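In what follows, a single structure is set out as structure tokens and then discussed.
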Amino acid sequence: MTEEMALLVLEDGQVFQGTAYGYRGKTVGEIVFSTGMTGYQETLTDPSYHKQIVVQTAPHIGNTGVNQQDPESAQIWVAGYVVRDAARRASNWRADGELEDYLRDQQVVGISGVDTRALTRHIRERGAMRAGIFSGSALPAGAEYLTTPVVEALVAIVQASPQMEGANLTDEVSTTEMYVVEPAGDFAGKEPLARVAALDLGLKNRTPYHMSHLGMQVYVFPANATFEDLKSVNPDGVFFSNGPGDPATADSQVNLLRAVLDAKIPYFGICFGNQLLGRALGYGTYKLGYGHRGVNQPVLDRTTGKVEITAHNHGFAVDAPTTGASVAPFENGRYGNVEVSHVSLNDGVVEGLRCLDLPAFSVQYHPEAAAGPHDAAYLFPRFLELMQKTAAQEAKNA
């Protein structure tokens with residue numbers, strides 16, 4: 001055995017041998033795959049990947065290095081990282097560091113030299129599951145021989161780790177203090193076109209960036225904020241971000257959202273925020289077999305009939321009728337009619353909701369799409385238009 005050996009162990013007993021990459025040690029988490037061929041730095045720093053070991057299906061990773069402009073948060077959030085062919089050195093004019101050093105500095109355990117195609121096929125067939133990466137001193141004696149006792153010991157460690165289903169993780173990734181993102185770009189120093197109260201459930205940097213560059217003033221609140229907290233800034237609209245974990249555990253945020261809907265404040269949610277809108281309306285959520293992750297997922301916008309290529313990162317989905325408008329089940333239709341506005345063209349999964357009797361809508365994917373594509377960028381202007389239209393109507397009725 002050499003110091004550089006690493007093992008990837010799945011909870012079903014499957015073992016992949018490779019080379020230690022990044023930090024040496026042990027990590028466990030739910031193993032998932034991301035199909036993006038670019039944007040690995042954005043993937044690593046996306047808080048929605050908290051407690052997950054990410055497999056990159058693109059074979060060559062690290063060739064563009066890392067820089068200070070692309071991170072989506074202040075740290076790497078993935079629990080572990082699996083790549084096939086790690087670049088020997090960065091070769092890009094924007095790079096100011098190497099990917100492996102980036103992982104090592106933040107103590108992220110990884111493995112390279114893995115047949116990620118075979119691994120991805122295994123996850124597609126068996127479903128997302130818990131896994132562990134072991135290297136350095138975390139490898140037991142005789143690990144290089146993959147004896148039955150060694151494999152059983154490592155599988156036991158993996159099986160003792162928490163499941164993603166039932167995990168409440170938003171407090172672990174949210175800001176602890178409210179902060180404000182002022183209008184920027186062409187709107188810098190000007191009176192905001194709208195004030196947004198944004199609930200940080202795992203917010204990515206690019207989201208308030210997009211809003212600020214459309215003239216919005218964004219107040220970012222912790223995940224445990226109350227309705228009174230949001231109301232204190234007199235918002236024109238409320239936004240719920242993406243985030244990790246099981247939406248079935250987010251009861252306090254669902255109750256908060258119902259207060260927003262009751263007050264008829266315009267609402268926009270993405271990813272986790274879409275699942276929470278579904279729950280607030282009375283629909284269920286469920287865990288997908290292996291989820292949607294990557295920057296190349298086709299979605300149909302039923303409002304326009306256009307097909308968008310979109311960025312995804314979700315393992316849960318909303319269980320709502322996709323064949324037409326339905327009455328929101330909560331309290332016998334308290335929130336009126338709702339339609340599924342977007343659907344996945346890969347598997348028919350609900351990818352967006354639109355309330356027909358309330359100023360509220362959401363999508364399951366990421367319109368900020370820091371690494372691209374930008375097909376869904378229109379959703380931020382749509383939110384601004386909804387807020388302005390609602391404010392104009394209220395002024396007319398006053």
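Identifiers for the structure tokens are assigned positionally: chains receive A, B, ... in sequence, residues are indexed from 1 per chain, and ligands are indexed from 1 in the order shown.
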What are the closest atom pairs, with distances in Å to one decimal, for each residue of segment 270-360 of chain A lying within 12 Å of segment 207-229 of chain A, using only C-alpha atoms, rows by chain and rising residue number, as CSV?
```
residue,atom,partner,partner_atom,distance
A:Ile270,CA,A:Thr207,CA,9.9
A:Phe272,CA,A:Ala223,CA,11.9
A:Gly273,CA,A:Ala223,CA,11.5
```
Determine, counting only C-alpha atoms, which protein, DNA and RNA residues have an atom within 10 Å of an atom of Tyr40 of chain A; residues of the same chain fewer than 3 positions away are not included. Present the result as a compact mmCIF listing (two decimals) with N, CA, C and O atoms, in the first residue's frame.
```txt
# COMPACT_ATOMS: atom_id res chain seq x y z
N SER A 34 -22.77 14.70 -11.22
CA SER A 34 -23.08 15.95 -11.91
C SER A 34 -22.60 15.84 -13.34
O SER A 34 -21.45 15.48 -13.59
N GLY A 36 -22.32 18.21 -15.68
CA GLY A 36 -21.74 19.39 -16.31
C GLY A 36 -20.34 19.14 -16.82
O GLY A 36 -19.53 18.47 -16.17
N MET A 37 -20.04 19.69 -17.99
CA MET A 37 -18.70 19.55 -18.55
C MET A 37 -17.83 20.74 -18.21
O MET A 37 -16.66 20.81 -18.60
N THR A 43 -19.65 24.19 -8.82
CA THR A 43 -20.24 23.00 -8.22
C THR A 43 -19.71 22.78 -6.80
O THR A 43 -20.47 22.56 -5.86
N LEU A 44 -18.41 22.85 -6.65
CA LEU A 44 -17.79 22.61 -5.35
C LEU A 44 -18.29 23.57 -4.29
O LEU A 44 -18.44 23.21 -3.11
N THR A 45 -18.56 24.81 -4.67
CA THR A 45 -18.91 25.85 -3.69
C THR A 45 -20.42 26.10 -3.60
O THR A 45 -20.84 27.05 -2.95
N ASP A 46 -21.22 25.25 -4.24
CA ASP A 46 -22.68 25.36 -4.16
C ASP A 46 -23.14 24.74 -2.84
O ASP A 46 -22.95 23.53 -2.62
N GLN A 56 -17.92 13.73 -10.86
CA GLN A 56 -17.97 14.49 -12.11
C GLN A 56 -17.97 13.50 -13.27
O GLN A 56 -17.03 12.71 -13.43
N ALA A 58 -17.82 14.37 -16.47
CA ALA A 58 -16.81 14.82 -17.44
C ALA A 58 -15.47 14.23 -17.02
O ALA A 58 -15.09 14.32 -15.86
N ILE A 61 -10.87 16.87 -15.29
CA ILE A 61 -11.25 17.89 -14.32
C ILE A 61 -10.00 18.58 -13.76
O ILE A 61 -9.01 17.92 -13.43
N GLY A 62 -10.06 19.91 -13.65
CA GLY A 62 -8.96 20.67 -13.06
C GLY A 62 -8.12 21.40 -14.06
O GLY A 62 -7.20 22.15 -13.67
N THR A 64 -8.70 23.98 -15.91
CA THR A 64 -8.76 25.45 -15.88
C THR A 64 -8.42 26.01 -14.50
O THR A 64 -8.53 27.22 -14.28
N GLY A 65 -7.99 25.14 -13.58
CA GLY A 65 -7.58 25.61 -12.26
C GLY A 65 -8.71 26.20 -11.47
O GLY A 65 -9.89 25.88 -11.67
N VAL A 66 -8.39 27.10 -10.54
CA VAL A 66 -9.39 27.80 -9.74
C VAL A 66 -9.02 29.28 -9.69
O VAL A 66 -7.88 29.66 -9.96
N ASP A 70 -15.01 32.84 -9.38
CA ASP A 70 -16.05 31.87 -9.69
C ASP A 70 -16.74 31.20 -8.50
O ASP A 70 -17.81 30.62 -8.69
N PRO A 71 -16.19 31.21 -7.30
CA PRO A 71 -16.88 30.54 -6.19
C PRO A 71 -18.28 31.10 -5.96
O PRO A 71 -18.51 32.30 -6.07
N LEU A 99 -6.59 23.09 -8.65
CA LEU A 99 -7.77 22.52 -8.03
C LEU A 99 -7.42 21.62 -6.84
O LEU A 99 -8.05 21.69 -5.79
N GLY A 294 -26.31 19.09 -12.89
CA GLY A 294 -25.50 19.42 -14.05
C GLY A 294 -26.04 20.66 -14.73
O GLY A 294 -27.04 21.25 -14.30
N ALA A 371 -22.15 29.05 -14.05
CA ALA A 371 -21.28 28.49 -15.09
C ALA A 371 -22.03 28.34 -16.40
O ALA A 371 -21.49 27.78 -17.35
```
Neighbour list for Asp375 of chain A as a ChimeraX atom specification, cut-off 10 Å, only C-alpha atoms, skip fewer than 6 positions in-chain: /A:306-311,367-369
Just N, CA and C atoms for this one: save the residues we selected as an mmCIF file, in the first residue's frame.
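The result, stored in result00.cif:
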```cif
data_model
loop_
_atom_site.group_PDB
_atom_site.id
_atom_site.type_symbol
_atom_site.label_atom_id
_atom_site.label_comp_id
_atom_site.auth_asym_id
_atom_site.auth_seq_id
_atom_site.Cartn_x
_atom_site.Cartn_y
_atom_site.Cartn_z
ATOM 1 N N LYS A 306 -41.195 27.178 -25.057
ATOM 2 C CA LYS A 306 -39.772 27.064 -25.364
ATOM 3 C C LYS A 306 -39.107 25.976 -24.525
ATOM 4 N N VAL A 307 -38.091 25.367 -25.114
ATOM 5 C CA VAL A 307 -37.258 24.409 -24.396
ATOM 6 C C VAL A 307 -36.002 25.127 -23.920
ATOM 7 N N GLU A 308 -35.719 25.023 -22.633
ATOM 8 C CA GLU A 308 -34.543 25.661 -22.055
ATOM 9 C C GLU A 308 -33.537 24.591 -21.636
ATOM 10 N N ILE A 309 -32.269 24.869 -21.836
ATOM 11 C CA ILE A 309 -31.211 24.037 -21.267
ATOM 12 C C ILE A 309 -30.829 24.708 -19.955
ATOM 13 N N THR A 310 -30.917 23.974 -18.858
ATOM 14 C CA THR A 310 -30.867 24.590 -17.534
ATOM 15 C C THR A 310 -29.891 23.892 -16.604
ATOM 16 N N ALA A 311 -29.542 24.607 -15.524
ATOM 17 C CA ALA A 311 -28.645 24.093 -14.490
ATOM 18 C C ALA A 311 -29.470 23.539 -13.336
ATOM 19 N N PRO A 367 -31.788 29.565 -12.227
ATOM 20 C CA PRO A 367 -31.688 30.582 -13.283
ATOM 21 C C PRO A 367 -30.423 31.427 -13.202
ATOM 22 N N GLU A 368 -29.772 31.455 -12.018
ATOM 23 C CA GLU A 368 -28.530 32.233 -11.917
ATOM 24 C C GLU A 368 -27.397 31.562 -12.671
ATOM 25 N N ALA A 369 -27.396 30.232 -12.748
ATOM 26 C CA ALA A 369 -26.508 29.432 -13.592
ATOM 27 C C ALA A 369 -25.149 30.077 -13.805
#
```
Alpha helix (DSSP H) positions in segment 35-185 of chain A, given as a count of residues only: 39
Shell around Ser326 of chain A at 9 Å using only C-alpha atoms, local window under 4 positions removed, as a ChimeraX atom specification: /A:320-322,336-340
How would the residues just chosen look if you wrote them out with N, CA and C atoms as a compact mmCIF listing (two decimals), in the first residue's frame?
```txt
# COMPACT_ATOMS: atom_id res chain seq x y z
N ALA A 320 -47.00 16.98 -7.89
CA ALA A 320 -48.18 17.76 -8.26
C ALA A 320 -48.65 17.30 -9.64
N PRO A 321 -49.95 17.44 -9.93
CA PRO A 321 -50.48 17.03 -11.24
C PRO A 321 -49.85 17.85 -12.36
N THR A 322 -49.43 17.17 -13.41
CA THR A 322 -48.77 17.86 -14.52
C THR A 322 -49.66 18.00 -15.75
N GLY A 336 -56.13 28.61 -3.86
CA GLY A 336 -56.66 28.66 -5.22
C GLY A 336 -56.02 27.66 -6.17
N ASN A 337 -56.00 28.03 -7.44
CA ASN A 337 -55.54 27.14 -8.49
C ASN A 337 -54.05 27.30 -8.75
N VAL A 338 -53.44 26.20 -9.13
CA VAL A 338 -52.00 26.15 -9.38
C VAL A 338 -51.76 25.32 -10.64
N GLU A 339 -50.77 25.72 -11.41
CA GLU A 339 -50.38 24.91 -12.56
C GLU A 339 -48.90 24.60 -12.52
N VAL A 340 -48.54 23.46 -13.09
CA VAL A 340 -47.13 23.11 -13.26
C VAL A 340 -46.65 23.87 -14.50
```
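Nearest residue to Arg258 of chain A among A:Ala360, A:Arg130, A:Ile157, A:Asn313 is A:Ala360, counting only C-alpha atoms.
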Expected answer as number ranges by chain: strand (DSSP E) residues in segment 60-110 of chain A: A: 60-61, 80-82, 85-86, 109-110
Separation of atom CA of Glu385 of chain A from atom CA of Leu203 of chain A, in Å and rounded to one decimal: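 Straight-line distance from atom CA of Glu385 of chain A to atom CA of Leu203 of chain A works out to 22.0 Å.
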